[in-house]
Protein chains: 4
Amino acid sequence: MPGNSFGHVFRVTTFGESHGRAVGCVVDGCPAGLRIKKEDIQKELDRRKPGGRLFSPRKEKDEVEILSGIFEEKTLGTPIAMVVYNKDVDSKPYEQIKNLLRPGHADYTYLAKFGVRDWRGGGRSSARETVGRVAAGAIAKKVLSQFGVKVMGYVVEIAGIKANLEGMDAEEIFERAEKSEIRCADYEAEEKMIEKIIEARKEGDSVGGVVEVVIRGLPAGVGEPVFMKLDAYLAYAMMSIPAVKGVEIGAGFRAARMKGSEMNDEMTIDGGRIKFLSNNAGGVLGGISTGEDVVVRLAVKPTPSISKRQRTVNIETFSEDEIVVRGRHDPCIAPRAVPVAEAMAAIATLDLMMMQNLVPRFF
Amino acid sequence: MPGNSFGHVFRVTTFGESHGRAVGCVVDGCPAGLRIKKEDIQKELDRRKPGGRLFSPRKEKDEVEILSGIFEEKTLGTPIAMVVYNKDVDSKPYEQIKNLLRPGHADYTYLAKFGVRDWRGGGRSSARETVGRVAAGAIAKKVLSQFGVKVMGYVVEIAGIKANLEGMDAEEIFERAEKSEIRCADYEAEEKMIEKIIEARKEGDSVGGVVEVVIRGLPAGVGEPVFMKLDAYLAYAMMSIPAVKGVEIGAGFRAARMKGSEMNDEMTIDGGRIKFLSNNAGGVLGGISTGEDVVVRLAVKPTPSISKRQRTVNIETFSEDEIVVRGRHDPCIAPRAVPVAEAMAAIATLDLMMMQNLVPRFF
Amino acid sequence: MPGNSFGHVFRVTTFGESHGRAVGCVVDGCPAGLRIKKEDIQKELDRRKPGGRLFSPRKEKDEVEILSGIFEEKTLGTPIAMVVYNKDVDSKPYEQIKNLLRPGHADYTYLAKFGVRDWRGGGRSSARETVGRVAAGAIAKKVLSQFGVKVMGYVVEIAGIKANLEGMDAEEIFERAEKSEIRCADYEAEEKMIEKIIEARKEGDSVGGVVEVVIRGLPAGVGEPVFMKLDAYLAYAMMSIPAVKGVEIGAGFRAARMKGSEMNDEMTIDGGRIKFLSNNAGGVLGGISTGEDVVVRLAVKPTPSISKRQRTVNIETFSEDEIVVRGRHDPCIAPRAVPVAEAMAAIATLDLMMMQNLVPRFF
Amino acid sequence: MPGNSFGHVFRVTTFGESHGRAVGCVVDGCPAGLRIKKEDIQKELDRRKPGGRLFSPRKEKDEVEILSGIFEEKTLGTPIAMVVYNKDVDSKPYEQIKNLLRPGHADYTYLAKFGVRDWRGGGRSSARETVGRVAAGAIAKKVLSQFGVKVMGYVVEIAGIKANLEGMDAEEIFERAEKSEIRCADYEAEEKMIEKIIEARKEGDSVGGVVEVVIRGLPAGVGEPVFMKLDAYLAYAMMSIPAVKGVEIGAGFRAARMKGSEMNDEMTIDGGRIKFLSNNAGGVLGGISTGEDVVVRLAVKPTPSISKRQRTVNIETFSEDEIVVRGRHDPCIAPRAVPVAEAMAAIATLDLMMMQNLVPRFF
């Protein structure tokens, strides 16, 4: 059974290999009559794009071409196919190591599963696949914006340096983060994080980080218990992002150390509406949204492509060997994971909203 | 769109409310010809059952009745419907608070979503729903056992007390944990944990914990990238369990603080097979199993039902109010979450194995 | 991958073998707050029930027990599990022929697929499985009735005798048919049909027929092109009913012999609304409802259980053999297929309506 | 919920509007390691292509571009995205009638469903959408051929003229049909059919027909009762093809007029295997393949685009009006429906085979 689609009502299918002809996606189920321009999608792709002094130097304009589903800048309700042709493909560094399994990568597991493997740039397991997610997420965000739902992501930790975001509201955090080279709203912490990133790169090494995503404006009542719960669905979406090793909702792992009386969010009435006095739940109770901010955090592992010498196996000779991974890599992937995490959060949330009739079939 | 099914090939649908007529499940897609006895299922239900000095005093024998799909102790390949009738139902304590939204519970969100609500014992949002998961999980485990795959869960932390499991293998941990009242293999830590639980109960409060599940014997190559990855699917399954607020794979959130050179698991050849020299990946790379132990951890929040006074809202009068939750509750749910976590891990893993033809259609 | 569920948003899973403990279904996705009584379901089961001089003498009261999902005669939005225990089970006639493959039955194919087989009364392949469909269909009908959608089925042909229904409206046909022993609104034709049925039974043989279902009141715009079209979905639903060998929409096979100028339904404006001047399309264009009556016809083959001697294979001795099928069978199954066809039409239609937000998530 | 995907394990998603940028598909779930060339796909597209004296003069080379999923002429097990850019687009004739609802077309229903509509060439409801189906079907056929399964389609009736195919085997019929301009193996009937087609075109009218598809080599045991039966799934697949109004399996509607003793296919042993003495079942019993030829017939309605004057509605003025449909149309679509029907039969059959482990995950 294939795993390249996400979503049941707003369904996204991504395709493409890193050094193949193109990457892209098909979005099926987008409501008709939505006004959307190519720039709405391009803008999000630009946020994900490689480049800059801290990231991969692969030069991709990542220009999206819309093949279907949009007519006169309005969605038709039919599948929206979007393609980004791969331009700056350099498969040479991969040719030299094509028989060496890169530690921390999916080389071995893809081989075990599929028998064959596109060794060029990681093929399908490359983070380049996320281009399709971000393009689809741009559409999901556009739909969500019609209902006042906003998805905001940012970095909260890199290489063990935590951003101090106390007292800042999510919108402020998001805006400040967007101005940061590494999407960190605490500019003091940012400086230290960048140092750590540069240091890691110098050593031919890499560092990890933690990303937080806030979904604001989601009405109470969204989620499909008992399995397709909002938090479960978000965990599914987030953990599917390359390099993510952990997902938390609200207090997350901290909740395991709290007492019920600390953890429970008390309720009151405010302005004629039920309001929670705290948000340890992270906006989800019983798998259904409470109307508060939905807060998700994801652990991003350090980029596995490092130029330090590592022990591995040569699959041609089937013997022990060593590898030094060259190529154009990010010493820390967490900042570029932000738009991807937002995209997945947007897709998952919209999908659940559409499941329960909160979105009209056309605008 | 309904959310009461999990799995695509081995598909489990649970049904039932806490104080309704029955809880149960339908398992569709189980291979035919599997030898299974009622006891195989009962045994797992017994592991989940309430009772004992540290847990809810609700007296349920939780005896399973098999309605279909099994003939002469062999599966037919047709849906297996299993029912556990609710016997020890006492809805009185709930009647008194039926208009008060219990903090930390799904009362408000169910109301927001469904407009109506079975207030008796939490209705569908009760952890009693997991009876169906455990019954289905028993079948999944039985199928997995045919392929040497074993799923083992245990408690690694309660109320901030961490079990020291260093040097113990998962099988040993599991066996020791099964002998523990709270499923903790470190008997020194166990004692402290129990103290904390008893203390919390005395205070009318509750505590949380962390559960770990190990899936052993899974061959390399299982998982469906790019969305239905093994880790993503497990995260989905685990986060759908009541009270779970976080999920980690392998190094998990620790990975965010590691360097690539520390995190990457190097490879070698051992006994003619590729072998990893460490398992920070937790048995998953690129969303596909590596052949090493799959290691998942979940954060279980403290039981929200506490008898401490809490602020809340009365939905009849639509005014601020206070609540004291009585009834028969577990001061710490983590130990009873273990068989549920195992069940979900077994179901998710088997489902992915079946997706890729690793299980014959009949035995 | 299992095939015992139908529907994506209103999802029905049936379970049970003919001579097993019980048959039944789980309905997931029913909107909350729907008023429904046990009698609403029982009434439909009674329409399907065996009995009478022309049908199987198996004595089943087919009393439904609701296990979950309904509280105080209102749906909760949670899964509705319904069970009918098998009471009048007589497996003896089957024991004698358990090694003989019954021609026209699924004995051989079930064995080829599953390796094992419940030989008692056809096991899962028995038409008794449709009990679950009808119970689920009763709920679907109840939901549809909230929107003025009515599903009406009747017999239009048996043993080559065609009912003359010209000039009668579907509602009239339906009402007259409900008063007929074999659900035929043309009482002259009915007489001849009954003769043919009795004659066939005397000969130890059986006859087939054609059933028509009309879905009235469905608004224009329902259907999900390009695959999950209304007509395709109905064809899927109808062909899944035991003994059905053909499905037509509107003019059906007659359309193949018509000219475009005859087949096309012209349009006009009537009472401020677009109206079709004919309905050869059978209420579906491009896979989407037109607002006219949806008209579906299904060919029901003669009951395969006949007491005439037939050539077959003995699977124990793996040799050629002969069989005479005894037991309690219907010499013509078409009339009893009517409530099943209605149920499937109701489920499929409601599912599509719910897919496109035409049904609120709660009442 | 979107309807542009077909298949659960071998899943095809088509996209594209008739006069948009491109049409195409994504095939997810194709086993890895399958040798496939662009020509394998192009060949099938060429069979579907417009052109010739009897069909639409739209000049499309329909050249396929493979964007992903194939590397060094082998499938990777990742999604295969295929695109055919629309070249010979002439939207002018449509501009003139863009406010007139074409009878027999989906203009009105698309508008009712989506609120907007791409009026150019029928947009998404155009038969041009089937390009994606045929491209995907080419891959399905290639996989099926590895297992000796062959899908063969041909015309059996046009404008009431029936082909006499008695005594011919399906392979012979298919080969002869492939040499016929209208895919009819009975060359005498062919002549009369062509006359009828030319006559209809002269009158500005159109005619319908019946197509038969035979699936040969399918082993016994394929199908997923009780809903996703082989015949139900084929009916679903076939009825989703534009212009199809009826589907039959085996004896089909004729079965309704047969006695059980005529309809039942007796069994014997032949060459150590169970063999049926007739095939009225059309290769399916209880929704599962018998090992005999699977025989499906579909009724294709006359092309709705005719240049005869028809009554309709102008949606701009919302008044009664008349329409004469010009453009480049096929006076009979049945022959061009053949490769589409084969494609859908291949996709549905392969999907079911893959559901039950009859296809390895890689070659």
# chains A, B, ... in the order shown; residues from 1 in each chain; ligands from 1
$ interface_residues --of "chain D" --to "chain A" --cutoff "8 Å" --atoms "only C-alpha atoms" --output "number ranges by chain"
D: 1-4, 8-11, 14-17, 20-23, 26, 28-29, 31-33, 66-69, 71, 76-81, 113-118, 124, 355, 361-363
$ write_last_selection --atoms "N, CA and C atoms" --output "tab-separated table (two decimals), in the first residue's frame"
chain	number	residue	atom	x	y	z
D	1	MET	N	-14.99	15.09	0.04
D	1	MET	CA	-13.95	14.09	-0.19
D	1	MET	C	-13.67	13.92	-1.66
D	2	PRO	N	-12.42	13.91	-2.01
D	2	PRO	CA	-12.11	13.96	-3.43
D	2	PRO	C	-12.25	12.60	-4.09
D	3	GLY	N	-12.56	12.60	-5.37
D	3	GLY	CA	-12.82	11.37	-6.08
D	3	GLY	C	-11.88	11.10	-7.23
D	4	ASN	N	-10.72	11.75	-7.23
D	4	ASN	CA	-9.84	11.63	-8.39
D	4	ASN	C	-8.79	10.55	-8.27
D	8	HIS	N	-6.46	1.18	-4.01
D	8	HIS	CA	-6.02	1.30	-2.64
D	8	HIS	C	-4.55	0.94	-2.49
D	9	VAL	N	-4.10	-0.02	-3.25
D	9	VAL	CA	-2.72	-0.48	-3.12
D	9	VAL	C	-1.94	-0.02	-4.35
D	10	PHE	N	-2.53	-0.21	-5.49
D	10	PHE	CA	-2.03	0.37	-6.73
D	10	PHE	C	-2.95	1.56	-6.98
D	11	ARG	N	-2.52	2.74	-6.56
D	11	ARG	CA	-3.44	3.88	-6.54
D	11	ARG	C	-3.12	4.91	-7.63
D	14	THR	N	-5.70	10.88	-11.28
D	14	THR	CA	-5.56	11.62	-12.54
D	14	THR	C	-5.84	13.10	-12.29
D	15	PHE	N	-5.29	13.93	-13.15
D	15	PHE	CA	-5.53	15.37	-13.04
D	15	PHE	C	-5.62	15.98	-14.43
D	16	GLY	N	-6.10	17.20	-14.51
D	16	GLY	CA	-6.06	17.91	-15.77
D	16	GLY	C	-7.41	18.21	-16.38
D	17	GLU	N	-7.48	19.38	-17.00
D	17	GLU	CA	-8.66	19.80	-17.72
D	17	GLU	C	-8.38	19.73	-19.23
D	20	GLY	N	-6.72	22.83	-20.36
D	20	GLY	CA	-5.77	23.41	-19.41
D	20	GLY	C	-4.35	23.16	-19.88
D	21	ARG	N	-3.41	23.31	-18.96
D	21	ARG	CA	-1.99	23.18	-19.32
D	21	ARG	C	-1.65	21.73	-19.67
D	22	ALA	N	-2.19	20.79	-18.94
D	22	ALA	CA	-1.79	19.39	-19.14
D	22	ALA	C	-2.83	18.46	-18.53
D	23	VAL	N	-2.79	17.22	-18.96
D	23	VAL	CA	-3.49	16.15	-18.27
D	23	VAL	C	-2.44	15.12	-17.86
D	26	VAL	N	-0.70	10.38	-11.40
D	26	VAL	CA	0.33	9.86	-10.51
D	26	VAL	C	-0.07	8.44	-10.14
D	28	ASP	N	0.74	5.58	-7.62
D	28	ASP	CA	1.46	5.29	-6.37
D	28	ASP	C	1.22	3.83	-6.02
D	29	GLY	N	2.28	3.14	-5.66
D	29	GLY	CA	2.13	1.76	-5.23
D	29	GLY	C	2.61	0.75	-6.24
D	31	PRO	N	4.97	-1.78	-7.81
D	31	PRO	CA	6.12	-2.49	-7.25
D	31	PRO	C	7.42	-1.96	-7.86
D	32	ALA	N	8.47	-2.01	-7.08
D	32	ALA	CA	9.78	-1.56	-7.54
D	32	ALA	C	10.42	-2.60	-8.43
D	33	GLY	N	11.36	-2.15	-9.25
D	33	GLY	CA	12.15	-3.08	-10.03
D	33	GLY	C	11.48	-3.56	-11.31
D	66	ILE	N	7.59	11.43	-18.38
D	66	ILE	CA	7.65	10.79	-17.06
D	66	ILE	C	8.46	11.67	-16.13
D	67	LEU	N	7.84	12.11	-15.04
D	67	LEU	CA	8.50	13.07	-14.16
D	67	LEU	C	9.22	12.43	-12.98
D	68	SER	N	8.81	11.22	-12.63
D	68	SER	CA	9.38	10.62	-11.41
D	68	SER	C	9.09	9.14	-11.36
D	69	GLY	N	9.74	8.46	-10.44
D	69	GLY	CA	9.39	7.08	-10.13
D	69	GLY	C	10.06	6.03	-10.99
D	71	PHE	N	13.77	5.07	-12.89
D	71	PHE	CA	15.20	5.40	-12.93
D	71	PHE	C	15.90	4.28	-13.68
D	76	LEU	N	10.98	2.59	-9.26
D	76	LEU	CA	11.67	2.74	-7.97
D	76	LEU	C	10.78	2.35	-6.79
D	77	GLY	N	9.52	2.12	-7.06
D	77	GLY	CA	8.58	1.87	-5.96
D	77	GLY	C	8.02	3.19	-5.41
D	78	THR	N	8.45	4.27	-6.00
D	78	THR	CA	7.99	5.62	-5.60
D	78	THR	C	6.95	6.09	-6.62
D	79	PRO	N	6.23	7.18	-6.32
D	79	PRO	CA	5.15	7.58	-7.24
D	79	PRO	C	5.66	7.90	-8.64
D	80	ILE	N	4.93	7.39	-9.61
D	80	ILE	CA	5.25	7.65	-11.01
D	80	ILE	C	4.31	8.75	-11.50
D	81	ALA	N	4.89	9.93	-11.72
D	81	ALA	CA	4.07	11.05	-12.23
D	81	ALA	C	4.27	11.13	-13.73
D	113	LYS	N	-22.36	21.49	-8.47
D	113	LYS	CA	-21.45	20.95	-7.46
D	113	LYS	C	-20.36	21.94	-7.06
D	114	PHE	N	-19.74	22.54	-8.06
D	114	PHE	CA	-18.53	23.33	-7.78
D	114	PHE	C	-18.73	24.84	-7.78
D	115	GLY	N	-19.87	25.29	-8.28
D	115	GLY	CA	-20.07	26.73	-8.32
D	115	GLY	C	-19.33	27.41	-9.46
D	116	VAL	N	-18.19	26.89	-9.83
D	116	VAL	CA	-17.45	27.39	-11.01
D	116	VAL	C	-17.27	26.24	-11.99
D	117	ARG	N	-16.73	26.57	-13.15
D	117	ARG	CA	-16.64	25.55	-14.20
D	117	ARG	C	-15.64	26.03	-15.24
D	118	ASP	N	-14.80	25.13	-15.67
D	118	ASP	CA	-13.93	25.43	-16.80
D	118	ASP	C	-14.71	25.01	-18.04
D	124	ARG	N	-12.77	19.47	-16.83
D	124	ARG	CA	-12.40	18.21	-16.20
D	124	ARG	C	-13.32	17.07	-16.63
D	355	MET	N	-3.75	-6.36	-3.20
D	355	MET	CA	-4.35	-6.41	-1.86
D	355	MET	C	-4.15	-7.74	-1.19
D	361	ARG	N	6.53	-7.13	-3.48
D	361	ARG	CA	6.72	-5.68	-3.37
D	361	ARG	C	7.82	-5.17	-4.28
D	362	PHE	N	8.72	-6.05	-4.69
D	362	PHE	CA	9.65	-5.65	-5.77
D	362	PHE	C	10.04	-6.86	-6.60
D	363	PHE	N	10.42	-6.57	-7.83
D	363	PHE	CA	10.80	-7.65	-8.77
D	363	PHE	C	12.30	-7.88	-8.72
$ residues_around --residues "Glu316 of chain D" --least-positions-apart "4" --cutoff "10 Å" --atoms "only C-alpha atoms" --output "ChimeraX atom specification"
/D:98-100
$ write_last_selection --atoms "C-alpha atoms" --output "short mmCIF file (atom, residue, chain, number, x, y, z; two decimals), in the first residue's frame"
data_model
loop_
_atom_site.label_atom_id
_atom_site.label_comp_id
_atom_site.auth_asym_id
_atom_site.auth_seq_id
_atom_site.Cartn_x
_atom_site.Cartn_y
_atom_site.Cartn_z
CA LYS D 98 -20.16 28.99 -22.55
CA ASN D 99 -23.43 30.14 -21.03
CA LEU D 100 -25.50 27.37 -22.61
#
$ residues_around --residues "Ser240 of chain A" --least-positions-apart "2" --cutoff "7 Å" --atoms "only C-alpha atoms" --output "list of chain:residue names"
A:Tyr236, A:Ala237, A:Met238, A:Pro242, B:Val226, B:Phe227, B:Lys229, B:Ala232
$ select_by_dssp --residues "segment 35-140 of chain A" --states "strand (DSSP E)" --output "JSON, numbers by chain"
{"A": [65, 66, 70, 71, 74, 75, 80, 81, 82, 83, 84, 85]}
$ write_last_selection --atoms "C-alpha atoms" --output "compact mmCIF listing (two decimals), in the first residue's frame"
# COMPACT_ATOMS: atom_id res chain seq x y z
CA GLU A 65 4.29 25.38 -12.56
CA ILE A 66 0.56 24.81 -12.08
CA ILE A 70 -6.89 26.50 -11.35
CA PHE A 71 -8.66 28.55 -14.00
CA LYS A 74 -9.72 30.40 -9.06
CA THR A 75 -9.69 26.77 -7.97
CA ILE A 80 -4.35 20.85 -8.56
CA ALA A 81 -1.15 19.42 -10.01
CA MET A 82 2.00 21.43 -9.34
CA VAL A 83 5.49 20.75 -10.62
CA VAL A 84 8.94 22.10 -9.80
CA TYR A 85 11.51 20.93 -12.29
$ residues_around --residues "Met353 of chain D" --least-positions-apart "5" --cutoff "10 Å" --atoms "only C-alpha atoms" --output "list of chain:residue names"
C:Met1, D:Val9, D:Phe10, D:Leu144, D:Leu218, D:Pro219, D:Gly221, D:Val222, D:Gly223, D:Glu224, D:Leu230, D:Ile347, D:Ala348, D:Leu358, D:Val359
$ write_last_selection --atoms "N, CA and C atoms" --output "CSV table (one decimal), in the first residue's frame"
chain,number,residue,atom,x,y,z
C,1,MET,N,-6.0,-6.5,1.9
C,1,MET,CA,-6.8,-5.4,2.3
C,1,MET,C,-8.2,-5.8,2.5
D,9,VAL,N,-4.1,0.0,-3.2
D,9,VAL,CA,-2.7,-0.5,-3.1
D,9,VAL,C,-1.9,0.0,-4.4
D,10,PHE,N,-2.5,-0.2,-5.5
D,10,PHE,CA,-2.0,0.4,-6.7
D,10,PHE,C,-2.9,1.6,-7.0
D,144,LEU,N,0.7,-6.7,-14.6
D,144,LEU,CA,-0.1,-7.9,-14.8
D,144,LEU,C,0.5,-9.0,-15.7
D,218,LEU,N,-6.3,-14.6,-14.7
D,218,LEU,CA,-6.4,-14.3,-13.3
D,218,LEU,C,-6.6,-15.5,-12.5
D,219,PRO,N,-5.7,-15.8,-11.5
D,219,PRO,CA,-5.9,-17.0,-10.7
D,219,PRO,C,-7.2,-16.9,-9.9
D,221,GLY,N,-9.4,-16.8,-6.6
D,221,GLY,CA,-9.1,-16.3,-5.2
D,221,GLY,C,-9.0,-14.8,-5.1
D,222,VAL,N,-9.2,-14.0,-6.2
D,222,VAL,CA,-9.0,-12.6,-6.2
D,222,VAL,C,-10.3,-11.9,-6.0
D,223,GLY,N,-10.4,-11.0,-5.0
D,223,GLY,CA,-11.6,-10.2,-4.7
D,223,GLY,C,-11.7,-10.1,-3.2
D,224,GLU,N,-12.3,-9.0,-2.8
D,224,GLU,CA,-12.4,-8.8,-1.3
D,224,GLU,C,-13.8,-8.6,-0.9
D,230,LEU,N,-14.7,-8.5,-6.5
D,230,LEU,CA,-14.1,-8.3,-7.9
D,230,LEU,C,-15.1,-7.7,-8.8
D,347,ILE,N,-6.3,-1.8,-13.9
D,347,ILE,CA,-6.0,-1.1,-12.6
D,347,ILE,C,-6.8,-1.8,-11.5
D,348,ALA,N,-8.1,-2.0,-11.7
D,348,ALA,CA,-8.9,-2.6,-10.6
D,348,ALA,C,-8.4,-4.0,-10.3
D,358,LEU,N,-0.6,-11.2,-4.1
D,358,LEU,CA,-0.2,-12.0,-5.2
D,358,LEU,C,0.9,-11.3,-6.1
D,359,VAL,N,1.3,-10.1,-5.6
D,359,VAL,CA,2.3,-9.4,-6.4
D,359,VAL,C,3.4,-9.1,-5.3
$ decode --residues "segment 294-361 of chain D" --atoms "C-alpha atoms" --output "PDB file, in the first residue's frame"
ATOM      1  CA  VAL D 294     -13.498 -12.519 -16.221  1.00  0.00           C
ATOM      2  CA  VAL D 295     -16.012 -11.061 -18.666  1.00  0.00           C
ATOM      3  CA  VAL D 296     -17.355  -7.523 -18.328  1.00  0.00           C
ATOM      4  CA  ARG D 297     -19.591  -5.613 -20.686  1.00  0.00           C
ATOM      5  CA  LEU D 298     -20.342  -1.898 -20.622  1.00  0.00           C
ATOM      6  CA  ALA D 299     -23.001   0.159 -22.308  1.00  0.00           C
ATOM      7  CA  VAL D 300     -21.617   3.328 -23.877  1.00  0.00           C
ATOM      8  CA  LYS D 301     -24.145   6.038 -24.558  1.00  0.00           C
ATOM      9  CA  PRO D 302     -24.111   8.058 -27.793  1.00  0.00           C
ATOM     10  CA  THR D 303     -21.768  11.064 -27.669  1.00  0.00           C
ATOM     11  CA  PRO D 304     -23.781  13.930 -26.204  1.00  0.00           C
ATOM     12  CA  SER D 305     -22.079  16.532 -28.395  1.00  0.00           C
ATOM     13  CA  ILE D 306     -24.347  16.722 -31.442  1.00  0.00           C
ATOM     14  CA  SER D 307     -24.944  19.544 -33.870  1.00  0.00           C
ATOM     15  CA  LYS D 308     -28.701  19.024 -33.898  1.00  0.00           C
ATOM     16  CA  ARG D 309     -30.597  21.866 -32.330  1.00  0.00           C
ATOM     17  CA  GLN D 310     -31.584  21.102 -28.715  1.00  0.00           C
ATOM     18  CA  ARG D 311     -33.531  22.935 -26.043  1.00  0.00           C
ATOM     19  CA  THR D 312     -31.522  24.119 -23.109  1.00  0.00           C
ATOM     20  CA  VAL D 313     -30.969  26.919 -20.602  1.00  0.00           C
ATOM     21  CA  ASN D 314     -28.795  30.011 -20.804  1.00  0.00           C
ATOM     22  CA  ILE D 315     -27.270  30.463 -17.358  1.00  0.00           C
ATOM     23  CA  GLU D 316     -26.284  34.087 -17.882  1.00  0.00           C
ATOM     24  CA  THR D 317     -29.761  35.269 -18.733  1.00  0.00           C
ATOM     25  CA  PHE D 318     -31.332  32.339 -16.862  1.00  0.00           C
ATOM     26  CA  SER D 319     -33.775  31.792 -19.679  1.00  0.00           C
ATOM     27  CA  GLU D 320     -34.771  29.009 -22.058  1.00  0.00           C
ATOM     28  CA  ASP D 321     -32.609  28.812 -25.131  1.00  0.00           C
ATOM     29  CA  GLU D 322     -31.385  26.497 -27.880  1.00  0.00           C
ATOM     30  CA  ILE D 323     -27.984  25.057 -28.561  1.00  0.00           C
ATOM     31  CA  VAL D 324     -26.060  23.597 -31.487  1.00  0.00           C
ATOM     32  CA  VAL D 325     -22.836  22.005 -30.270  1.00  0.00           C
ATOM     33  CA  ARG D 326     -19.947  22.438 -32.665  1.00  0.00           C
ATOM     34  CA  GLY D 327     -16.334  21.464 -32.036  1.00  0.00           C
ATOM     35  CA  ARG D 328     -14.349  18.343 -32.760  1.00  0.00           C
ATOM     36  CA  HIS D 329     -16.320  15.348 -31.593  1.00  0.00           C
ATOM     37  CA  ASP D 330     -16.552  11.606 -32.100  1.00  0.00           C
ATOM     38  CA  PRO D 331     -19.883  10.500 -33.582  1.00  0.00           C
ATOM     39  CA  CYS D 332     -19.385   7.231 -31.682  1.00  0.00           C
ATOM     40  CA  ILE D 333     -17.127   7.031 -28.668  1.00  0.00           C
ATOM     41  CA  ALA D 334     -17.374   3.272 -28.039  1.00  0.00           C
ATOM     42  CA  PRO D 335     -14.239   2.264 -29.995  1.00  0.00           C
ATOM     43  CA  ARG D 336     -12.108   4.838 -28.184  1.00  0.00           C
ATOM     44  CA  ALA D 337     -13.622   3.675 -24.892  1.00  0.00           C
ATOM     45  CA  VAL D 338     -11.959   0.282 -25.403  1.00  0.00           C
ATOM     46  CA  PRO D 339      -8.425   1.176 -24.242  1.00  0.00           C
ATOM     47  CA  VAL D 340      -9.911   3.160 -21.380  1.00  0.00           C
ATOM     48  CA  ALA D 341     -12.028   0.186 -20.302  1.00  0.00           C
ATOM     49  CA  GLU D 342      -8.970  -2.061 -20.522  1.00  0.00           C
ATOM     50  CA  ALA D 343      -6.988   0.415 -18.448  1.00  0.00           C
ATOM     51  CA  MET D 344      -9.620   0.555 -15.723  1.00  0.00           C
ATOM     52  CA  ALA D 345     -10.028  -3.227 -15.733  1.00  0.00           C
ATOM     53  CA  ALA D 346      -6.263  -3.621 -15.439  1.00  0.00           C
ATOM     54  CA  ILE D 347      -5.990  -1.104 -12.611  1.00  0.00           C
ATOM     55  CA  ALA D 348      -8.890  -2.594 -10.645  1.00  0.00           C
ATOM     56  CA  THR D 349      -7.694  -6.157 -11.111  1.00  0.00           C
ATOM     57  CA  LEU D 350      -4.095  -5.397 -10.226  1.00  0.00           C
ATOM     58  CA  ASP D 351      -5.206  -3.439  -7.196  1.00  0.00           C
ATOM     59  CA  LEU D 352      -7.161  -6.429  -5.913  1.00  0.00           C
ATOM     60  CA  MET D 353      -4.298  -8.812  -6.693  1.00  0.00           C
ATOM     61  CA  MET D 354      -1.918  -6.591  -4.770  1.00  0.00           C
ATOM     62  CA  MET D 355      -4.350  -6.409  -1.858  1.00  0.00           C
ATOM     63  CA  GLN D 356      -3.918 -10.084  -1.369  1.00  0.00           C
ATOM     64  CA  ASN D 357      -0.214 -10.499  -1.750  1.00  0.00           C
ATOM     65  CA  LEU D 358      -0.243 -11.961  -5.229  1.00  0.00           C
ATOM     66  CA  VAL D 359       2.332  -9.404  -6.358  1.00  0.00           C
ATOM     67  CA  PRO D 360       5.730  -9.091  -4.670  1.00  0.00           C
ATOM     68  CA  ARG D 361       6.723  -5.682  -3.365  1.00  0.00           C
TER      69      ARG D 361
END
